[in-house]
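Participant: Structure below; questions to follow.
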Amino acid sequence: MERQAVIDRIASLRALIDYHNRRYHQLDDPEITDAEYDRMMADLIELERQNPDIDTAGSPSRQVGSAPLSGFAPVKHINPMLSLNNAFSGENVRSFDQRIREKLQEEEIEYAVEPKLDGLAISLLYVRGALSRAATRGDGYAGEDVTANVRTIHSIPHRLDISVADFPLEIRGEIIMLKDAFEELNRIQREKGGKEFANPRNAAAGSLRQLDAAVTAERRLSFFAYGLILPLDGDLKNSEMTNSIRRHSEIMDMLSSWSIPLCSERAIVKGAEGLLSYFAVIEAKRHSLPYEIDGVVYKVNLLEFQKRLGFISRAPRFALAHKFPAEEAATEIYAIDVQVGRTGVLTPVARLKPVSVGGVRITNATLHNEDEIINKDIRVGDRVIVHRAGDVIPEVVRVDYDKRPPDAQTFIMPEKCPACGSDAVRLPGEAARRCIGLACPAQIREHIKHFASRSAMDIEGLGDRLVAQLLECGLISDPADLYYLSKEKLLTLDRMADKSASNLLVAIERSKTPSLEKLIFALGIRHVGERIAKVLADKLFSLSAIMEAGEEELLAVPDIGPEVAGSIIRFFHEPANIRVVEKLKGAGIRPQEVSEGHESPLRGKSFVFTGTLSRMPRNEAKKIVESLGGLVSSSLTKTTSYLVLGESPGSKFDKAQSAGLAVIDEDAFYELIGRG
Ligand code: IVH
């Protein structure tokens with residue numbers, strides 16, 4: 001880039017980042033995604049690094065957040081509240097570890113690792129044991145005094161029950177809103193016609209920074225600590241209690257002993273590989289955590305090392321935030337179609353200009369139902385932000401109204417089923433519109449697809465196209481018909497080769513002995529998902545017992561309430577459904593029934609694997625464990641029954657040993673699953 005172009009680019013990036021800082025930190029109303037912001041900041045930092053002669057004083061790259069908003073009294077921080085450097089790749093993480101090893105001249109570094117909570121930073125000052133001041137981060141040097149509001153958060157103690165606290169202590173942490181509190185708040189806002197929040201972080205920030213603390217008190221905010229600032233030079237250093245503290249992890253344990261809430265996913269790991277495997281573990285369970293996180297934070301554990309490493313500009317050298325790939329991206333809706341599900345529910349789907357979200361190409365996003373489209377005022381032609389989280393179907397988060405083209409089209413939900421033309425009606429109290437056509441081909445197709453899917457009967461090779469083809473040619477009309485297909489019949493289909501026909505018949509044959517829970521799930525009973533199917537199988541042991549169960553019996557099964565019980569009873573009272581079940585039995589479908597009293601050897605046992613198994617891939621081992629009634633999970637918990645050691649095990653081994661969990665080798669594992 002030419003010199004002048006570089007200067008202009010830096011100036012424009014700085015102005016843009018300043019603007020977005022204000023939207024995010026002061027107004028709690030960001031316009032761009034965190035990923036877009038991070039990209040701008042990374043570009044600026046890189047340009048400034050390549051052009052060290054351009055003055056960086058006042059650049060947002062050297063600042064933290066945004067100056068405080070008026071409305072709250074400003075407070076100057078005793079210790080500045082800094083930011084963290086970001087990493088977006090394994091390579092970034094390895095060079096961080098390498099830099100640290102070189103600077104400290106150490107072979108291997110121990111790190112304290114924690115989730116990066118997505119909320120807002122808070123400083124809690126305790127004087128003589130009493131919470132005396134709570135402040136937001138602001139620009140890192142001065143924040144807002146939000147003491148009155150913070151006092152309404154139940155998990156933050158007003159008083160520390162400790163004898164050493166005769167001097168000021170500053171606890172740092174994150175104020176967050178748990179996912180369920182966020183959902184509930186948005187539901188209440190919706191009912192009141194108030195503003196809904198885009199995500200839990202905005203909701204937490206908006207709830208904390210209320211001039212009326214009574215409003216904050218109504219919001220369910222939570223707090224997790226991630227650090228304690230030891231008084232500069234002083235009493236605490238000499239105090240008996242803290243003399244022995246040499247590590248960040250020990251500070252955290254001490255906070256915990258003072259009843260300060262901490263995030264439970266903390267760990268201690270060694271070296272870059274330890275950091276990366278922790279990242280993978282947390283990334284895998286990210287969506288099952290009750291709070292939102294946007295990455296993990298690595299901190300050199302020994303305080304002595306932290307001190308030696310020190311700080312560069314706005315961030316410590318001893319810590320790093322490793323961010324998850326973006327889950328949001330901006331794109332455009334070019335059409336809205338309506339899909340009919342197996343229960344007849346009509347779901348509007350946005351067709352999108354392809355966009356990559358976290359490395360996956362997205363072309364469709366669900367719009368849920370007509371109310372969602374009206375509430376978010378989504379139109380064909382709109383620029384939108386889409387969100388894709390884990391395995392969840394991508395959804396449209398919001399519209400960029402400023403970019404709405406003048407010819408954007410309002411969408412109207414059809415009142416007839418697009419597949420069969422029957423009425424599509426909305427029952428009172430329901431958001432969904434349903435096709436009432438009994439013979440709706442779309443419902444039948446979806447029902448059969450569900451029946452054959454991996455988590456149900458698992459008929460390999462029976463894809464969407466083939467199901468549609470079989471239905472169109474009249475070879476099947478319900479799921480049981482699949483078991484009466486013959487090679488001759490299959491070969492009448494267009495483009496069906498002899499080999500594919502045989503493969504399909506083998507797959508169908510193989511699916512004849514499902515576990516009871518999979519068969520129950522496959523039937524597609526309303527409200528009976530995989531979890532309910534499993535409890536039904538666990539408690540009632542056989543298909544006939546489930547079919548005959550009365551309300552009282554069903555209500556005695558954990559997690560089953562009147563609505564689910566009613567749905568199961570209705571399903572098995574419907575003659576058409578009984579006919580399908582009989583047809584399945586007639587075709588030789590025999591679920592592996594769970595026999596009472598003969599509990600499977602692995603029931604209630606949970607396994608975690610580390611390293612490579614030599615005899616079978618992990619997913620096969622997982623299948624065997626599950627077929628014997630056990631569970632496999634990806635991370636260790638207090639209740640893990642066995643850690644199975646494969647070749648070159650990872651950090652889980654140390655973790656399991658220090659937690660006193662049972663560790664077994666591969667041979668012992670094969671013994672346990674009866675394949676020794
Ligand atoms: S340590 C010197 N640990 O991330 C900075 N920060 O980008 C010390 N955050 O302002 C911060 N989870 O609000 C730390 N486990 C964690 C964190 C965490 C979230 C936030 C915090 C900080 C921002 C830095």
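Starting from 1 in every chain, residues are counted up; chains themselves are A, B, ... following the order of the structure tokens, and ligands are numbered from 1 as listed.
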Distance limit 9 Å, reference ligand 1, atoms considered: only C-alpha atoms and all ligand atoms. Which residues make the cut? Give them as a ChimeraX atom specification.
Facilitator: /A:64-65,80-86,113-122,137,140,172-175,224-227,263,266,293-299,311,314-316,318-321
Participant: Show me a table, sorted first by chain and then by increasing residue number, of the residues of stretch 297-397 of chain A having an atom at most 8 Å from stretch 424-446 of chain A, each with its shortest atom pair and the distance in Å to one decimal, counting only C-alpha atoms and written as JSON lines.
Facilitator:
{"residue": "A:Val340", "atom": "CA", "partner": "A:Ala442", "partner_atom": "CA", "distance": 5.9}
{"residue": "A:Gly341", "atom": "CA", "partner": "A:Gln443", "partner_atom": "CA", "distance": 5.8}
{"residue": "A:Arg342", "atom": "CA", "partner": "A:Gln443", "partner_atom": "CA", "distance": 4.2}
{"residue": "A:Thr343", "atom": "CA", "partner": "A:Gln443", "partner_atom": "CA", "distance": 6.3}
{"residue": "A:Gly344", "atom": "CA", "partner": "A:Cys435", "partner_atom": "CA", "distance": 4.9}
{"residue": "A:Val345", "atom": "CA", "partner": "A:Arg434", "partner_atom": "CA", "distance": 4.4}
{"residue": "A:Leu346", "atom": "CA", "partner": "A:Arg433", "partner_atom": "CA", "distance": 5.7}
{"residue": "A:Thr347", "atom": "CA", "partner": "A:Ala432", "partner_atom": "CA", "distance": 7.9}
{"residue": "A:Asn369", "atom": "CA", "partner": "A:Ala432", "partner_atom": "CA", "distance": 6.0}
{"residue": "A:Glu370", "atom": "CA", "partner": "A:Ala431", "partner_atom": "CA", "distance": 7.5}
{"residue": "A:Asp371", "atom": "CA", "partner": "A:Ala431", "partner_atom": "CA", "distance": 6.9}
Participant: Mind listing the strand (DSSP E or B) residues of stretch 386-538 of chain A, per DSSP on the backbone, as a compact mmCIF listing (two decimals) with all heavy atoms, in the first residue's frame?
Facilitator:
# COMPACT_ATOMS: atom_id res chain seq x y z
N VAL A 386 -26.77 -13.75 10.35
CA VAL A 386 -27.17 -15.12 10.66
C VAL A 386 -26.24 -15.70 11.71
O VAL A 386 -25.07 -15.32 11.80
CB VAL A 386 -27.20 -16.04 9.42
CG1 VAL A 386 -28.34 -15.67 8.50
CG2 VAL A 386 -25.89 -16.00 8.67
N HIS A 387 -26.77 -16.61 12.47
CA HIS A 387 -26.05 -17.21 13.58
C HIS A 387 -26.11 -18.71 13.41
O HIS A 387 -27.16 -19.27 13.13
CB HIS A 387 -26.76 -16.78 14.86
CG HIS A 387 -26.18 -17.38 16.10
ND1 HIS A 387 -25.19 -16.77 16.81
CD2 HIS A 387 -26.47 -18.52 16.76
CE1 HIS A 387 -24.88 -17.53 17.85
NE2 HIS A 387 -25.64 -18.60 17.84
N GLU A 395 -29.92 -19.60 12.23
CA GLU A 395 -31.10 -18.74 12.31
C GLU A 395 -30.75 -17.30 12.02
O GLU A 395 -29.58 -16.92 12.11
CB GLU A 395 -31.78 -18.88 13.68
CG GLU A 395 -30.88 -18.53 14.83
CD GLU A 395 -31.58 -18.60 16.18
OE1 GLU A 395 -32.75 -18.99 16.22
OE2 GLU A 395 -30.93 -18.23 17.17
N VAL A 396 -31.77 -16.53 11.68
CA VAL A 396 -31.55 -15.11 11.42
C VAL A 396 -31.65 -14.39 12.75
O VAL A 396 -32.66 -14.51 13.45
CB VAL A 396 -32.59 -14.57 10.42
CG1 VAL A 396 -32.53 -13.06 10.35
CG2 VAL A 396 -32.36 -15.19 9.05
N VAL A 397 -30.59 -13.67 13.12
CA VAL A 397 -30.60 -13.00 14.42
C VAL A 397 -31.26 -11.64 14.30
O VAL A 397 -32.09 -11.27 15.10
CB VAL A 397 -29.17 -12.78 14.95
CG1 VAL A 397 -29.19 -12.35 16.40
CG2 VAL A 397 -28.32 -14.00 14.76
N ARG A 398 -30.86 -10.88 13.31
CA ARG A 398 -31.47 -9.56 13.16
C ARG A 398 -31.27 -9.01 11.75
O ARG A 398 -30.46 -9.52 10.98
CB ARG A 398 -30.91 -8.58 14.19
CG ARG A 398 -29.42 -8.35 14.06
CD ARG A 398 -28.91 -7.37 15.11
NE ARG A 398 -27.49 -7.19 14.93
CZ ARG A 398 -26.57 -8.02 15.42
NH1 ARG A 398 -26.93 -9.09 16.12
NH2 ARG A 398 -25.30 -7.80 15.19
N VAL A 399 -32.03 -7.95 11.49
CA VAL A 399 -31.99 -7.31 10.18
C VAL A 399 -31.17 -6.04 10.31
O VAL A 399 -31.23 -5.34 11.32
CB VAL A 399 -33.44 -6.95 9.75
CG1 VAL A 399 -33.43 -6.15 8.47
CG2 VAL A 399 -34.28 -8.20 9.61
N GLN A 409 -39.42 -7.10 0.13
CA GLN A 409 -40.80 -7.62 0.10
C GLN A 409 -41.23 -8.18 1.44
O GLN A 409 -40.53 -9.03 2.01
CB GLN A 409 -40.87 -8.78 -0.90
CG GLN A 409 -40.69 -8.40 -2.34
CD GLN A 409 -41.95 -7.75 -2.89
OE1 GLN A 409 -43.05 -8.28 -2.71
NE2 GLN A 409 -41.79 -6.59 -3.51
N THR A 410 -42.39 -7.77 1.91
CA THR A 410 -42.94 -8.33 3.13
C THR A 410 -43.37 -9.77 2.81
O THR A 410 -43.85 -10.04 1.72
CB THR A 410 -44.19 -7.55 3.56
OG1 THR A 410 -43.88 -6.19 3.42
CG2 THR A 410 -44.56 -7.84 4.99
N LYS A 416 -52.67 -22.05 3.38
CA LYS A 416 -52.85 -23.42 2.85
C LYS A 416 -51.48 -24.10 2.87
O LYS A 416 -50.45 -23.45 2.67
CB LYS A 416 -53.32 -23.35 1.39
CG LYS A 416 -54.66 -22.66 1.20
CD LYS A 416 -55.81 -23.63 1.43
CE LYS A 416 -57.14 -22.92 1.22
NZ LYS A 416 -58.23 -23.56 1.98
N ASP A 423 -55.92 -26.89 4.55
CA ASP A 423 -55.82 -25.71 5.40
C ASP A 423 -54.62 -25.83 6.34
O ASP A 423 -54.34 -26.91 6.85
CB ASP A 423 -57.09 -25.57 6.26
CG ASP A 423 -58.24 -25.03 5.42
OD1 ASP A 423 -57.96 -24.49 4.32
OD2 ASP A 423 -59.39 -25.16 5.86
N ALA A 424 -53.95 -24.72 6.55
CA ALA A 424 -52.88 -24.68 7.56
C ALA A 424 -53.39 -23.77 8.65
O ALA A 424 -53.61 -22.59 8.42
CB ALA A 424 -51.60 -24.15 6.94
N VAL A 425 -53.62 -24.36 9.83
CA VAL A 425 -54.29 -23.57 10.87
C VAL A 425 -53.39 -23.35 12.08
O VAL A 425 -52.49 -24.14 12.36
CB VAL A 425 -55.61 -24.23 11.34
CG1 VAL A 425 -56.60 -24.30 10.22
CG2 VAL A 425 -55.32 -25.61 11.91
N ARG A 426 -53.71 -22.28 12.77
CA ARG A 426 -52.95 -21.95 13.98
C ARG A 426 -53.88 -22.13 15.16
O ARG A 426 -54.91 -21.48 15.26
CB ARG A 426 -52.54 -20.50 13.90
CG ARG A 426 -51.10 -20.29 14.16
CD ARG A 426 -50.77 -18.84 14.09
NE ARG A 426 -50.21 -18.46 15.37
CZ ARG A 426 -49.52 -17.38 15.56
NH1 ARG A 426 -49.31 -16.54 14.57
NH2 ARG A 426 -49.03 -17.10 16.74
N ARG A 433 -48.14 -22.80 12.69
CA ARG A 433 -49.28 -23.08 11.82
C ARG A 433 -49.09 -24.51 11.34
O ARG A 433 -47.98 -24.90 10.98
CB ARG A 433 -49.23 -22.09 10.66
CG ARG A 433 -50.48 -21.97 9.87
CD ARG A 433 -50.32 -20.81 8.90
NE ARG A 433 -50.68 -19.52 9.48
CZ ARG A 433 -51.93 -19.08 9.62
NH1 ARG A 433 -52.95 -19.82 9.22
NH2 ARG A 433 -52.18 -17.90 10.15
N ARG A 434 -50.14 -25.32 11.36
CA ARG A 434 -50.03 -26.72 10.99
C ARG A 434 -50.94 -27.08 9.84
O ARG A 434 -52.10 -26.68 9.83
CB ARG A 434 -50.48 -27.61 12.15
CG ARG A 434 -49.45 -27.97 13.12
CD ARG A 434 -50.12 -28.69 14.30
NE ARG A 434 -49.38 -28.34 15.49
CZ ARG A 434 -48.24 -28.92 15.82
NH1 ARG A 434 -47.77 -29.91 15.10
NH2 ARG A 434 -47.60 -28.54 16.90
N CYS A 435 -50.41 -27.93 8.97
CA CYS A 435 -51.23 -28.48 7.90
C CYS A 435 -52.10 -29.56 8.52
O CYS A 435 -51.62 -30.42 9.25
CB CYS A 435 -50.31 -29.09 6.84
SG CYS A 435 -51.15 -30.29 5.81
N SER A 515 -32.22 -50.70 19.29
CA SER A 515 -32.48 -50.69 20.73
C SER A 515 -33.92 -50.22 20.89
O SER A 515 -34.48 -49.57 19.99
CB SER A 515 -31.52 -49.73 21.43
OG SER A 515 -31.75 -48.42 20.97
Participant: Compile the contact shell of A:Thr331 as a ChimeraX atom specification: residues with an atom at most 12 Å away, counting only C-alpha atoms, same-chain residues fewer than 2 positions apart removed.
Facilitator: /A:328-329,333-334,350-357,361-365,380-387,395-400,403-404
Participant: When you draw a straight line from atom CA of A:Ile673 to atom CA of A:Arg618, how long is it in Å?
Facilitator: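 Atom-to-atom, atom CA of A:Ile673 to atom CA of A:Arg618, that is 13.7 Å.
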Participant: Find the residues near A:Ala533: any atom within 6 Å, counting only C-alpha atoms, skip ones fewer than 6 places away on the same chain, and give them as a PyMOL selection string.
Facilitator: chain A and resi 517+520-521
Participant: Generate the output file for the selected residues, N, CA, C and O atoms, as a tab-separated table (two decimals), in the first residue's frame.
Facilitator:
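That gives us result29.tsv:
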chain	number	residue	atom	x	y	z
A	517	GLU	N	-35.12	-47.93	22.73
A	517	GLU	CA	-35.30	-46.47	22.74
A	517	GLU	C	-35.27	-45.89	21.33
A	517	GLU	O	-35.99	-44.95	21.02
A	520	ILE	N	-38.65	-46.55	19.68
A	520	ILE	CA	-39.67	-45.64	20.22
A	520	ILE	C	-39.51	-44.25	19.60
A	520	ILE	O	-40.46	-43.60	19.18
A	521	PHE	N	-38.24	-43.80	19.55
A	521	PHE	CA	-37.97	-42.48	18.98
A	521	PHE	C	-38.38	-42.45	17.51
A	521	PHE	O	-38.98	-41.49	17.02
Participant: Quick one: of A:His25, A:His158, A:Arg247, A:Lys103, who's nearest to A:Arg201, counting only C-alpha atoms?
Facilitator: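 For A:Arg201, the nearest of the candidates is A:His25.
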